[in-house]
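Chemist: protein-v8.tsv is reproduced below (TSV, C-alpha atoms).
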```tsv
chain	number	residue	atom	x	y	z
V	1	MET	CA	0.00	0.00	0.00
V	2	LYS	CA	1.36	3.43	-0.95
V	3	ILE	CA	1.56	6.27	1.55
V	4	TYR	CA	-1.50	8.24	0.36
V	5	GLU	CA	-3.69	5.16	0.50
V	6	GLU	CA	-2.26	4.33	3.93
V	7	LEU	CA	-3.16	7.81	5.21
V	8	GLN	CA	-6.68	7.24	3.93
V	9	ALA	CA	-6.90	3.80	5.52
V	10	ARG	CA	-5.76	5.25	8.86
V	11	GLY	CA	-8.49	7.89	8.70
V	12	LEU	CA	-6.05	10.79	8.68
V	13	ILE	CA	-7.08	12.78	5.62
V	14	ALA	CA	-9.78	15.39	6.15
V	15	GLN	CA	-9.63	17.72	3.11
V	16	VAL	CA	-7.41	18.12	0.05
V	17	THR	CA	-7.28	20.74	-2.67
V	18	ASP	CA	-6.28	18.56	-5.65
V	19	GLU	CA	-6.50	14.90	-4.76
V	20	GLU	CA	-4.97	13.27	-7.82
V	21	GLU	CA	-2.02	15.65	-7.91
V	22	ILE	CA	-1.41	15.28	-4.17
V	23	ARG	CA	-1.70	11.49	-4.38
V	24	ASP	CA	0.88	11.38	-7.17
V	25	LEU	CA	3.30	13.76	-5.43
V	26	ILE	CA	3.46	12.08	-2.05
V	27	ASN	CA	3.28	8.51	-3.40
V	28	ASN	CA	6.35	9.25	-5.53
V	29	GLY	CA	8.28	11.20	-2.90
V	30	GLY	CA	7.79	14.48	-4.72
V	31	ALA	CA	6.24	16.53	-1.93
V	32	ARG	CA	8.38	19.24	-0.36
V	33	PHE	CA	5.89	20.08	2.33
V	34	TYR	CA	5.68	22.23	5.42
V	35	ILE	CA	3.86	22.16	8.72
V	36	GLY	CA	3.95	25.19	11.00
V	37	PHE	CA	4.34	25.25	14.78
V	38	ASP	CA	3.58	28.50	16.59
V	39	PRO	CA	5.62	28.75	19.84
V	40	THR	CA	2.72	29.45	22.23
V	41	ALA	CA	4.39	27.49	25.08
V	42	ASP	CA	7.78	26.01	25.92
V	43	SER	CA	6.66	22.50	24.98
V	44	LEU	CA	4.72	20.78	22.25
V	45	HIS	CA	1.61	18.90	23.38
V	46	VAL	CA	-0.57	16.05	22.20
V	47	GLY	CA	-2.36	18.47	19.86
V	48	HIS	CA	0.88	18.62	17.83
V	49	PHE	CA	1.40	14.87	18.01
V	50	MET	CA	-0.59	13.95	14.91
V	51	ALA	CA	1.27	16.52	12.82
V	52	LEU	CA	4.63	15.17	13.98
V	53	CYS	CA	3.57	11.60	13.19
V	54	LEU	CA	2.36	12.70	9.76
V	55	MET	CA	5.70	14.36	9.01
V	56	LYS	CA	7.48	11.19	10.05
V	57	ARG	CA	5.27	8.99	7.87
V	58	LEU	CA	5.78	11.23	4.83
V	59	GLN	CA	9.53	11.49	5.36
V	60	LEU	CA	9.82	7.70	5.61
V	61	ALA	CA	8.02	7.56	2.25
V	62	GLY	CA	10.69	9.77	0.64
V	63	ASN	CA	9.06	13.20	0.91
V	64	LYS	CA	10.97	16.25	2.22
V	65	PRO	CA	9.62	18.02	5.34
V	66	ILE	CA	10.08	21.70	6.08
V	67	VAL	CA	9.56	22.43	9.78
V	68	LEU	CA	8.33	26.01	10.09
V	69	LEU	CA	8.78	27.57	13.52
V	70	GLY	CA	6.43	30.51	13.98
V	71	GLY	CA	8.87	33.00	15.44
V	72	GLY	CA	7.10	35.70	13.44
V	73	THR	CA	3.45	34.62	13.56
V	74	GLY	CA	3.98	33.99	17.27
V	75	PHE	CA	3.96	37.77	17.70
V	76	ILE	CA	0.34	37.79	16.50
V	77	GLY	CA	-1.22	34.48	17.55
V	78	ASP	CA	-3.61	32.29	15.60
V	79	PRO	CA	-7.25	33.13	16.46
V	80	THR	CA	-8.48	29.75	15.21
V	81	GLY	CA	-10.55	28.02	17.89
V	82	ARG	CA	-9.95	30.82	20.38
V	83	SER	CA	-12.61	32.72	22.31
V	84	ASP	CA	-10.22	35.53	23.21
V	85	MET	CA	-6.91	37.00	22.13
V	86	ARG	CA	-3.72	35.25	23.19
V	87	ALA	CA	-1.44	37.03	25.62
V	88	MET	CA	1.37	38.78	23.76
V	89	MET	CA	4.81	37.23	24.30
V	90	THR	CA	8.20	38.92	24.34
V	91	ALA	CA	10.74	38.21	21.63
V	92	GLU	CA	12.88	36.37	24.19
V	93	THR	CA	10.01	34.08	25.22
V	94	ILE	CA	9.15	33.32	21.59
V	95	GLN	CA	12.76	32.40	20.80
V	96	HIS	CA	13.02	30.22	23.91
V	97	ASN	CA	9.84	28.38	22.97
V	98	CYS	CA	11.09	27.86	19.41
V	99	ASP	CA	14.31	26.34	20.77
V	100	CYS	CA	12.31	23.97	23.00
V	101	PHE	CA	10.09	22.93	20.08
V	102	LEU	CA	13.03	22.12	17.85
V	103	LYS	CA	14.57	19.76	20.42
V	104	GLN	CA	11.31	17.81	20.64
V	105	ILE	CA	10.66	17.76	16.89
V	106	GLY	CA	14.11	16.25	16.38
V	107	LYS	CA	12.85	13.06	18.05
V	108	PHE	CA	10.43	12.53	15.15
V	109	ILE	CA	12.07	14.08	12.08
V	110	GLU	CA	15.54	13.42	10.65
V	111	PHE	CA	17.34	16.63	9.76
V	112	GLY	CA	20.36	16.91	7.49
V	113	GLU	CA	21.48	17.19	3.90
V	114	ASP	CA	18.68	16.21	1.52
V	115	LYS	CA	16.47	15.44	4.51
V	116	ALA	CA	14.29	17.73	6.61
V	117	ILE	CA	15.08	21.40	7.10
V	118	VAL	CA	13.92	23.89	9.71
V	119	VAL	CA	13.10	27.54	9.09
V	120	ASN	CA	11.72	30.35	11.22
V	121	ASN	CA	9.23	32.81	9.73
V	122	ALA	CA	10.67	35.57	11.91
V	123	ASP	CA	13.46	35.67	9.31
V	124	TRP	CA	11.12	37.14	6.69
V	125	LEU	CA	7.98	38.37	8.44
V	126	LEU	CA	9.62	40.70	10.96
V	127	GLY	CA	11.49	42.58	8.24
V	128	LEU	CA	8.45	43.24	6.05
V	129	LYS	CA	7.41	46.82	5.37
V	130	TYR	CA	3.69	47.20	5.91
V	131	VAL	CA	2.85	49.22	2.77
V	132	ASP	CA	4.99	46.94	0.61
V	133	LEU	CA	3.15	43.89	2.00
V	134	LEU	CA	-0.22	45.49	1.34
V	135	ARG	CA	0.73	46.17	-2.26
V	136	GLU	CA	2.22	42.72	-2.83
V	137	VAL	CA	-0.35	40.56	-1.04
V	138	GLY	CA	-3.44	42.67	-0.28
V	139	PRO	CA	-4.95	42.70	-3.79
V	140	HIS	CA	-5.15	38.89	-3.75
V	141	PHE	CA	-7.39	38.68	-0.66
V	142	SER	CA	-11.12	39.36	-0.54
V	143	VAL	CA	-12.25	40.73	2.82
V	144	ASN	CA	-15.70	39.24	2.17
V	145	ASN	CA	-14.19	35.78	1.77
V	146	MET	CA	-11.97	36.22	4.82
V	147	LEU	CA	-14.95	37.14	6.99
V	148	ARG	CA	-16.71	33.95	5.92
V	149	ALA	CA	-13.71	31.81	6.91
V	150	GLU	CA	-14.35	29.19	9.56
V	151	CYS	CA	-11.28	30.25	11.53
V	152	TYR	CA	-12.84	33.66	12.24
V	153	LYS	CA	-16.49	32.74	12.82
V	154	GLN	CA	-16.40	32.24	16.57
V	155	ARG	CA	-14.33	35.35	17.13
V	156	MET	CA	-16.58	37.49	14.94
V	157	GLU	CA	-19.35	36.98	17.48
V	158	ARG	CA	-17.18	37.95	20.46
V	159	GLY	CA	-14.86	40.46	18.85
V	160	LEU	CA	-11.91	39.98	16.50
V	161	SER	CA	-9.06	42.48	16.59
V	162	PHE	CA	-7.53	43.79	13.38
V	163	PHE	CA	-4.24	42.55	14.84
V	164	GLU	CA	-5.44	38.90	14.70
V	165	PHE	CA	-7.29	39.45	11.41
V	166	ASN	CA	-3.86	39.65	9.76
V	167	TYR	CA	-2.96	36.09	10.77
V	168	MET	CA	-4.44	34.51	7.63
V	169	ILE	CA	-2.38	36.83	5.45
V	170	MET	CA	0.78	36.04	7.40
V	171	GLN	CA	0.24	32.28	7.12
V	172	SER	CA	-0.52	32.59	3.43
V	173	TYR	CA	2.60	34.66	2.90
V	174	ASP	CA	4.63	31.96	4.65
V	175	PHE	CA	3.54	29.40	2.06
V	176	TYR	CA	4.31	31.81	-0.78
V	177	TYR	CA	7.77	32.61	0.67
V	178	LEU	CA	8.61	28.93	1.21
V	179	ASN	CA	7.43	28.15	-2.31
V	180	GLN	CA	9.66	30.82	-3.83
V	181	HIS	CA	12.78	30.23	-1.70
V	182	TYR	CA	12.65	26.52	-0.80
V	183	GLY	CA	10.56	24.94	-3.55
V	184	CYS	CA	7.77	24.08	-1.08
V	185	ASN	CA	4.78	22.73	-3.01
V	186	MET	CA	2.48	21.48	-0.27
V	187	GLN	CA	1.16	22.51	3.14
V	188	PHE	CA	-0.27	20.20	5.81
V	189	GLY	CA	-2.16	21.08	8.96
V	190	GLY	CA	-5.16	20.37	11.15
V	191	ASP	CA	-8.59	20.61	9.56
V	192	ASP	CA	-9.32	23.77	11.55
V	193	GLN	CA	-6.63	25.48	9.42
V	194	TRP	CA	-8.36	24.90	6.10
V	195	SER	CA	-9.25	28.54	5.38
V	196	ASN	CA	-5.73	29.77	6.14
V	197	MET	CA	-4.21	27.05	3.98
V	198	LEU	CA	-6.46	27.83	1.04
V	199	GLY	CA	-5.30	31.43	1.28
V	200	GLY	CA	-1.72	30.28	0.76
V	201	THR	CA	-2.46	28.04	-2.22
V	202	GLU	CA	-4.46	30.82	-3.91
V	203	LEU	CA	-1.77	33.41	-3.27
V	204	ILE	CA	0.85	31.21	-4.94
V	205	ARG	CA	-1.37	30.49	-7.91
V	206	LYS	CA	-2.33	34.14	-8.43
V	207	LYS	CA	1.20	35.51	-8.08
V	208	THR	CA	3.13	32.78	-9.90
V	209	GLY	CA	0.64	30.91	-12.06
V	210	LYS	CA	1.97	27.69	-10.52
V	211	ASP	CA	0.04	25.07	-8.58
V	212	ALA	CA	0.49	24.54	-4.87
V	213	TYR	CA	-1.44	22.10	-2.74
V	214	ALA	CA	-2.90	21.78	0.74
V	215	MET	CA	-4.12	18.83	2.75
V	216	THR	CA	-5.58	18.82	6.25
V	217	ILE	CA	-5.52	15.93	8.68
V	218	THR	CA	-8.43	14.93	10.86
V	219	LEU	CA	-8.24	16.38	14.34
V	220	LEU	CA	-8.33	13.60	16.91
V	221	LEU	CA	-11.57	13.77	18.86
V	222	ASN	CA	-12.86	11.53	21.59
V	223	SER	CA	-16.19	9.74	21.46
V	224	GLU	CA	-17.93	12.80	22.92
V	225	GLY	CA	-16.62	15.05	20.16
V	226	LYS	CA	-14.03	16.82	22.32
V	227	LYS	CA	-10.40	17.30	21.38
V	228	MET	CA	-8.15	14.65	22.86
V	229	GLY	CA	-5.01	15.65	24.70
V	230	LYS	CA	-6.52	17.37	27.71
V	231	SER	CA	-6.03	16.10	31.24
V	232	ALA	CA	-7.36	17.29	34.56
V	233	LYS	CA	-4.31	19.56	34.80
V	234	GLY	CA	-4.56	20.93	31.24
V	235	ALA	CA	-2.66	19.91	28.14
V	236	VAL	CA	-0.81	16.62	27.87
V	237	TRP	CA	2.69	17.84	27.10
V	238	LEU	CA	5.50	16.08	25.26
V	239	ASP	CA	8.06	17.54	27.67
V	240	PRO	CA	8.66	14.95	30.44
V	241	GLU	CA	9.13	17.77	32.95
V	242	LYS	CA	5.53	18.86	32.32
V	243	THR	CA	3.89	15.47	31.74
V	244	THR	CA	5.94	12.54	33.02
V	245	PRO	CA	6.29	9.45	30.80
V	246	PHE	CA	4.07	7.57	33.28
V	247	GLU	CA	1.39	10.29	33.13
V	248	PHE	CA	1.64	10.25	29.33
V	249	TYR	CA	1.29	6.45	29.32
V	250	GLN	CA	-1.68	6.63	31.66
V	251	TYR	CA	-3.43	9.25	29.54
V	252	TRP	CA	-3.51	6.87	26.59
V	253	ARG	CA	-4.12	3.82	28.80
V	254	ASN	CA	-7.32	5.51	29.98
V	255	VAL	CA	-8.88	6.51	26.64
V	256	ASP	CA	-12.51	5.54	26.18
V	257	ASP	CA	-13.16	2.03	24.89
V	258	ALA	CA	-14.85	3.53	21.83
V	259	ASP	CA	-11.71	5.53	20.90
V	260	VAL	CA	-8.90	3.04	21.35
V	261	MET	CA	-8.87	1.51	17.85
V	262	LYS	CA	-9.21	4.93	16.24
V	263	CYS	CA	-6.16	6.10	18.19
V	264	ILE	CA	-4.16	2.99	17.30
V	265	ARG	CA	-5.00	3.41	13.63
V	266	MET	CA	-4.28	7.15	13.45
V	267	LEU	CA	-1.32	7.55	15.78
V	268	THR	CA	0.78	4.38	15.93
V	269	PHE	CA	3.12	2.96	13.31
V	270	ILE	CA	1.78	-0.57	13.75
V	271	PRO	CA	1.19	-2.07	10.27
V	272	LEU	CA	-2.42	-1.88	9.12
V	273	ASP	CA	-2.79	-5.63	8.69
V	274	LYS	CA	-1.92	-6.12	12.37
V	275	ILE	CA	-4.33	-3.35	13.35
V	276	ASP	CA	-7.08	-5.04	11.35
V	277	GLU	CA	-6.40	-8.23	13.31
V	278	MET	CA	-6.58	-6.32	16.62
V	279	ASP	CA	-9.91	-4.89	15.52
V	280	LYS	CA	-11.28	-8.45	15.51
V	281	TRP	CA	-10.25	-9.15	19.10
V	282	ASP	CA	-12.99	-10.01	21.55
V	283	ALA	CA	-14.39	-7.07	23.53
V	284	SER	CA	-12.89	-8.57	26.70
V	285	ARG	CA	-9.42	-7.64	25.34
V	286	VAL	CA	-10.05	-3.89	25.21
V	287	ASN	CA	-7.59	-3.23	28.04
V	288	GLU	CA	-4.93	-5.13	26.12
V	289	LYS	CA	-5.53	-2.79	23.18
V	290	LYS	CA	-5.16	0.22	25.47
V	291	GLU	CA	-1.87	-1.13	26.79
V	292	VAL	CA	-0.59	-1.52	23.23
V	293	LEU	CA	-1.65	2.06	22.41
V	294	ALA	CA	-0.10	3.52	25.56
V	295	TYR	CA	3.17	1.66	25.11
V	296	GLU	CA	3.57	2.49	21.42
V	297	LEU	CA	2.92	6.22	21.87
V	298	THR	CA	5.06	6.53	25.00
V	299	ALA	CA	7.92	4.82	23.16
V	300	LEU	CA	7.51	7.23	20.25
V	301	VAL	CA	7.73	10.30	22.46
V	302	HIS	CA	9.96	9.20	25.34
V	303	GLY	CA	11.78	6.11	24.06
V	304	GLU	CA	11.51	2.37	24.68
V	305	GLU	CA	13.14	2.46	28.11
V	306	GLU	CA	10.71	5.01	29.52
V	307	ALA	CA	7.78	3.17	27.94
V	308	LYS	CA	8.84	-0.05	29.68
V	309	LYS	CA	9.17	1.78	33.01
V	310	ALA	CA	5.72	3.34	32.62
V	311	GLU	CA	4.20	-0.04	31.72
V	312	ALA	CA	5.82	-1.69	34.75
V	313	THR	CA	4.61	1.07	37.06
V	314	ALA	CA	1.06	0.78	35.74
V	315	LYS	CA	1.06	-2.99	36.32
V	316	ALA	CA	2.40	-2.50	39.83
V	317	LEU	CA	-0.36	-0.04	40.67
V	318	PHE	CA	-3.31	-1.67	38.99
V	319	SER	CA	-2.63	-5.40	38.95
V	320	GLY	CA	-0.14	-5.92	41.77
V	321	GLU	CA	2.69	-6.85	39.39
V	322	GLY	CA	5.89	-5.07	38.45
V	323	ASP	CA	7.75	-2.09	39.96
V	324	ASP	CA	6.09	1.16	41.01
V	325	ALA	CA	9.40	3.02	41.41
V	326	ASN	CA	8.58	5.27	38.43
V	327	MET	CA	5.31	6.54	39.86
V	328	PRO	CA	5.05	10.37	39.60
V	329	THR	CA	6.72	11.70	42.75
V	330	THR	CA	6.90	15.09	44.45
V	331	THR	CA	9.54	15.95	47.02
V	332	VAL	CA	8.13	17.92	49.95
V	333	GLY	CA	10.39	20.52	51.57
V	334	GLU	CA	10.77	21.08	55.31
V	335	ASP	CA	9.08	24.47	55.13
V	336	ALA	CA	5.82	22.80	53.98
V	337	PHE	CA	5.25	21.21	57.42
V	338	VAL	CA	3.53	22.89	60.36
V	339	ASP	CA	4.00	21.23	63.75
V	340	GLY	CA	5.38	18.15	62.05
V	341	ALA	CA	2.48	17.61	59.65
V	342	ILE	CA	1.08	18.77	56.33
V	343	GLY	CA	-2.54	19.04	55.20
V	344	VAL	CA	-3.72	16.51	52.64
V	345	VAL	CA	-5.11	19.42	50.59
V	346	ASP	CA	-1.66	21.00	50.50
V	347	LEU	CA	-0.21	17.73	49.22
V	348	MET	CA	-2.83	17.60	46.47
V	349	LEU	CA	-1.88	21.09	45.35
V	350	LEU	CA	1.85	20.33	45.48
V	351	GLY	CA	1.40	17.23	43.33
V	352	GLY	CA	-1.00	18.76	40.83
V	353	LEU	CA	-3.88	16.54	41.95
V	354	ALA	CA	-6.07	19.63	42.34
V	355	THR	CA	-6.14	23.03	40.66
V	356	SER	CA	-7.34	24.90	43.76
V	357	ARG	CA	-8.32	24.32	47.38
V	358	SER	CA	-11.98	24.26	46.39
V	359	ASP	CA	-11.21	21.67	43.70
V	360	ALA	CA	-9.39	19.54	46.30
V	361	ARG	CA	-12.27	19.88	48.73
V	362	ARG	CA	-14.79	18.71	46.11
V	363	THR	CA	-12.67	15.64	45.35
V	364	ILE	CA	-12.49	14.71	49.04
V	365	GLU	CA	-16.18	15.38	49.71
V	366	GLN	CA	-17.07	13.11	46.78
V	367	GLY	CA	-14.94	10.31	48.22
V	368	GLY	CA	-12.37	10.56	45.46
V	369	LEU	CA	-9.12	10.63	47.45
V	370	SER	CA	-7.25	7.87	49.27
V	371	VAL	CA	-3.99	7.92	51.23
V	372	ASP	CA	-2.11	4.61	51.21
V	373	GLY	CA	-5.36	2.86	50.34
V	374	GLU	CA	-7.48	4.54	53.04
V	375	LYS	CA	-10.22	6.90	51.89
V	376	VAL	CA	-9.83	10.48	53.15
V	377	ALA	CA	-12.95	11.51	55.08
V	378	SER	CA	-12.15	15.15	55.81
V	379	PHE	CA	-10.42	17.93	53.89
V	380	ALA	CA	-8.84	18.95	57.22
V	381	GLU	CA	-6.91	15.68	57.48
V	382	THR	CA	-3.13	15.97	57.91
V	383	ILE	CA	-0.20	13.62	57.30
V	384	SER	CA	2.83	13.45	59.56
V	385	ARG	CA	6.31	14.38	58.43
V	386	ASP	CA	7.59	10.87	59.23
V	387	ARG	CA	4.92	9.32	57.04
V	388	VAL	CA	5.81	11.59	54.13
V	389	ALA	CA	9.51	10.88	54.62
V	390	ALA	CA	8.78	7.16	54.35
V	391	GLY	CA	6.87	7.74	51.09
V	392	VAL	CA	3.12	8.23	51.11
V	393	LYS	CA	0.86	7.45	48.14
V	394	LEU	CA	-2.23	9.45	47.21
V	395	ARG	CA	-4.81	8.14	44.77
V	396	LYS	CA	-7.30	10.44	43.09
V	397	GLY	CA	-10.27	8.59	41.67
V	398	LYS	CA	-9.43	5.12	40.40
V	399	LYS	CA	-6.50	5.84	38.11
V	400	VAL	CA	-4.40	8.82	39.24
V	401	TYR	CA	-1.56	7.92	41.64
V	402	HIS	CA	1.12	10.18	43.12
V	403	ARG	CA	3.87	9.56	45.67
V	404	PHE	CA	5.14	12.19	48.11
V	405	THR	CA	8.49	11.92	49.85
V	406	MET	CA	11.30	14.02	51.29
```
How does this structure look as structure tokens?
Modeler:
Amino acid sequence: MKIYEELQARGLIAQVTDEEEIRDLINNGGARFYIGFDPTADSLHVGHFMALCLMKRLQLAGNKPIVLLGGGTGFIGDPTGRSDMRAMMTAETIQHNCDCFLKQIGKFIEFGEDKAIVVNNADWLLGLKYVDLLREVGPHFSVNNMLRAECYKQRMERGLSFFEFNYMIMQSYDFYYLNQHYGCNMQFGGDDQWSNMLGGTELIRKKTGKDAYAMTITLLLNSEGKKMGKSAKGAVWLDPEKTTPFEFYQYWRNVDDADVMKCIRMLTFIPLDKIDEMDKWDASRVNEKKEVLAYELTALVHGEEEAKKAEATAKALFSGEGDDANMPTTTVGEDAFVDGAIGVVDLMLLGGLATSRSDARRTIEQGGLSVDGEKVASFAETISRDRVAAGVKLRKGKKVYHRFTM
């Protein structure tokens, strides 16, 4: 099976501009394509994961990736899917985030001569003269069409600044610039980027008379129609300092039964014939499927060794087998204790098991917290320093474990 047909079989393709041309290009290794990453944080998250996997699949099939870091567009911020304007970042923060992104992307994409390249749109966007840009690009954009774009609809109801309105033009100009200077002929992105991507293909065609192509991948949604990649604490990060390998493993281990095969098909590199066989497994083996999913994705992001540790920790916690030494752990300092004890609510906050004191209180009142296997009855409960020093385990709900020590 060729790569385009494989992407279809995995359910990854959402929309394409010119299917036959795109099929021919990527099946024959002729795509020089880009995917953009705006540095909105100092780590990539699961929302970027599908794009990284797509780049890897296409590179393995002989196509040439261009990793575009949004050092320039990061000064504006993409309004797509937002209900308000992003906080403006300093140039130093944007550069730091770009550096962090590149380290993580290098785990998926092979850079080097005749392989993948990385560029930063700050190199051309920040030096543009406004009037010159208006004259060069402005005539090719219809304001009426822009206002109908899906990426602006939600913000039009709540208020869209002229500052953010320029984002589509900036993204379109990126594609045009990459086309002219790097021979880029294709753009990939999430299906919420479709309007912005069409702007780029049209700009290239109008200014050069040449064809350029765009393809969006299906955003990964759970069975309730919500974006996957969110945990109780927020985004599921690829940085192990933000989301530990065990927490990452557990996120995928706990996906809904209805979503597990979709995730295996779309995100793992398991051959399709083996996935088709897994799809025939009896319903009683759903947890086995989840373990396969969690292991494969943790290995992709954090490596085989960390995936094995996470798997062993999960077995130790949930089935009484294996080693729980890699359980997420927080070290408690001396200054956290009052009269030789610390409140269980304070421990929850230290370990990220609650977002606020009221959140912690709700969990306890609903019977959702245990300490070393004993359910906590009162939010006023405390734990002695000696007990923490020996290593105390908190469990939130049925699946979230955290150790505290000194």
Chemist: Would you please work out which residue, of V:Leu128, V:Val376, V:Met215, V:Met168, is nearest to Glu19 of chain V when using all atoms listed in the file?
Modeler: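 Nearest candidate to Glu19 of chain V out of V:Leu128, V:Val376, V:Met215, V:Met168: V:Met215.
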Chemist: Suppose you want the space between atom CA of Tyr167 of chain V and atom CA of Ile76 of chain V; what is it in Å?
Modeler: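 Going from atom CA of Tyr167 of chain V over to atom CA of Ile76 of chain V covers 6.8 Å.
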Chemist: Would you list the contacts of segment 358-360 of chain V as a PyMOL selection string, taking every protein, DNA or RNA residue within 12 Å and counting all atoms listed in the file, but skipping same-chain residues closer than 4 positions in sequence?
Modeler: chain V and resi 232-233+343-354+364-369+376+378-380+396-397
Chemist: What lies within 7 Å of Ile117 of chain V using all atoms listed in the file, ignoring chain neighbours under 6 positions off, as a list in words?
Modeler: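 Result of the neighbour search: Pro65, Ile66, Val67 and Phe111 of chain V.
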Chemist: As a PDB file with C-alpha atoms, in the coordinates of the input, please: the residues near Ala31 of chain V (cut-off 7 Å, only C-alpha atoms, same-chain neighbours under 3 positions excluded).
Modeler:
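So selection-v1.pdb came out as:
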```
ATOM      1  CA  LEU V  25       3.300  13.760  -5.430  1.00  0.00           C
ATOM      2  CA  ILE V  26       3.460  12.080  -2.050  1.00  0.00           C
ATOM      3  CA  ASN V  63       9.060  13.200   0.910  1.00  0.00           C
ATOM      4  CA  LYS V  64      10.970  16.250   2.220  1.00  0.00           C
ATOM      5  CA  ASN V 185       4.780  22.730  -3.010  1.00  0.00           C
ATOM      6  CA  MET V 186       2.480  21.480  -0.270  1.00  0.00           C
TER       7      MET V 186
END
```
Chemist: Report the distance between atom CA of His402 of chain V and atom CA of Val236 of chain V in Å, rounded to one decimal place.
Modeler: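 Answer for the atom CA of His402 of chain V to atom CA of Val236 of chain V separation: 16.7 Å.
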Chemist: Report the distance between atom CA of Ala214 of chain V and atom CA of Leu54 of chain V in Å, rounded to one decimal place.
Modeler: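 Taking atom CA of Ala214 of chain V and atom CA of Leu54 of chain V, their separation equals 13.8 Å.
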Chemist: Which neighbours of Tyr173 of chain V fall inside 9 Å, counting only C-alpha atoms, when residues of the same chain fewer than 5 positions from it are skipped, and could you give them as a PyMOL selection string?
Modeler: chain V and resi 125+137+168+178+199-200+203-204
Chemist: Restricting the calculation to only C-alpha atoms: of V:Arg253, V:Lys207, V:Arg10, V:Arg357, which residue gets closest to Pro271 of chain V?
Modeler: V:Arg10
Chemist: Which neighbours of Gly373 of chain V fall inside 9 Å, counting all atoms listed in the file, when residues of the same chain fewer than 5 positions from it are skipped, and could you give them as a CSV table (one decimal) with C-alpha atoms, keeping the file's coordinate frame?
Modeler:
```csv
chain,number,residue,atom,x,y,z
V,393,LYS,CA,0.9,7.4,48.1
V,394,LEU,CA,-2.2,9.4,47.2
V,395,ARG,CA,-4.8,8.1,44.8
```
Chemist: May I have the protein, DNA and RNA residues with any atom at most 10 Å from the point (12.1, 28.7, 20.5), counting all atoms listed in the file, written as a list of chain:residue names?
Modeler: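 Output of the proximity query reads V:Asp38, V:Pro39, V:Thr40, V:Ala41, V:Asp42, V:Ser43, V:Leu69, V:Gly70, V:Gly71, V:Ala91, V:Glu92, V:Thr93, V:Ile94, V:Gln95, V:His96, V:Asn97, V:Cys98, V:Asp99, V:Cys100, V:Phe101, V:Leu102, V:Lys103, V:Asn120.
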Chemist: When you count all atoms listed in the file, which of these residues is closest to Glu247 of chain V: V:Ile13, V:Ala61, V:Ala283, V:Val400?
Modeler: V:Val400
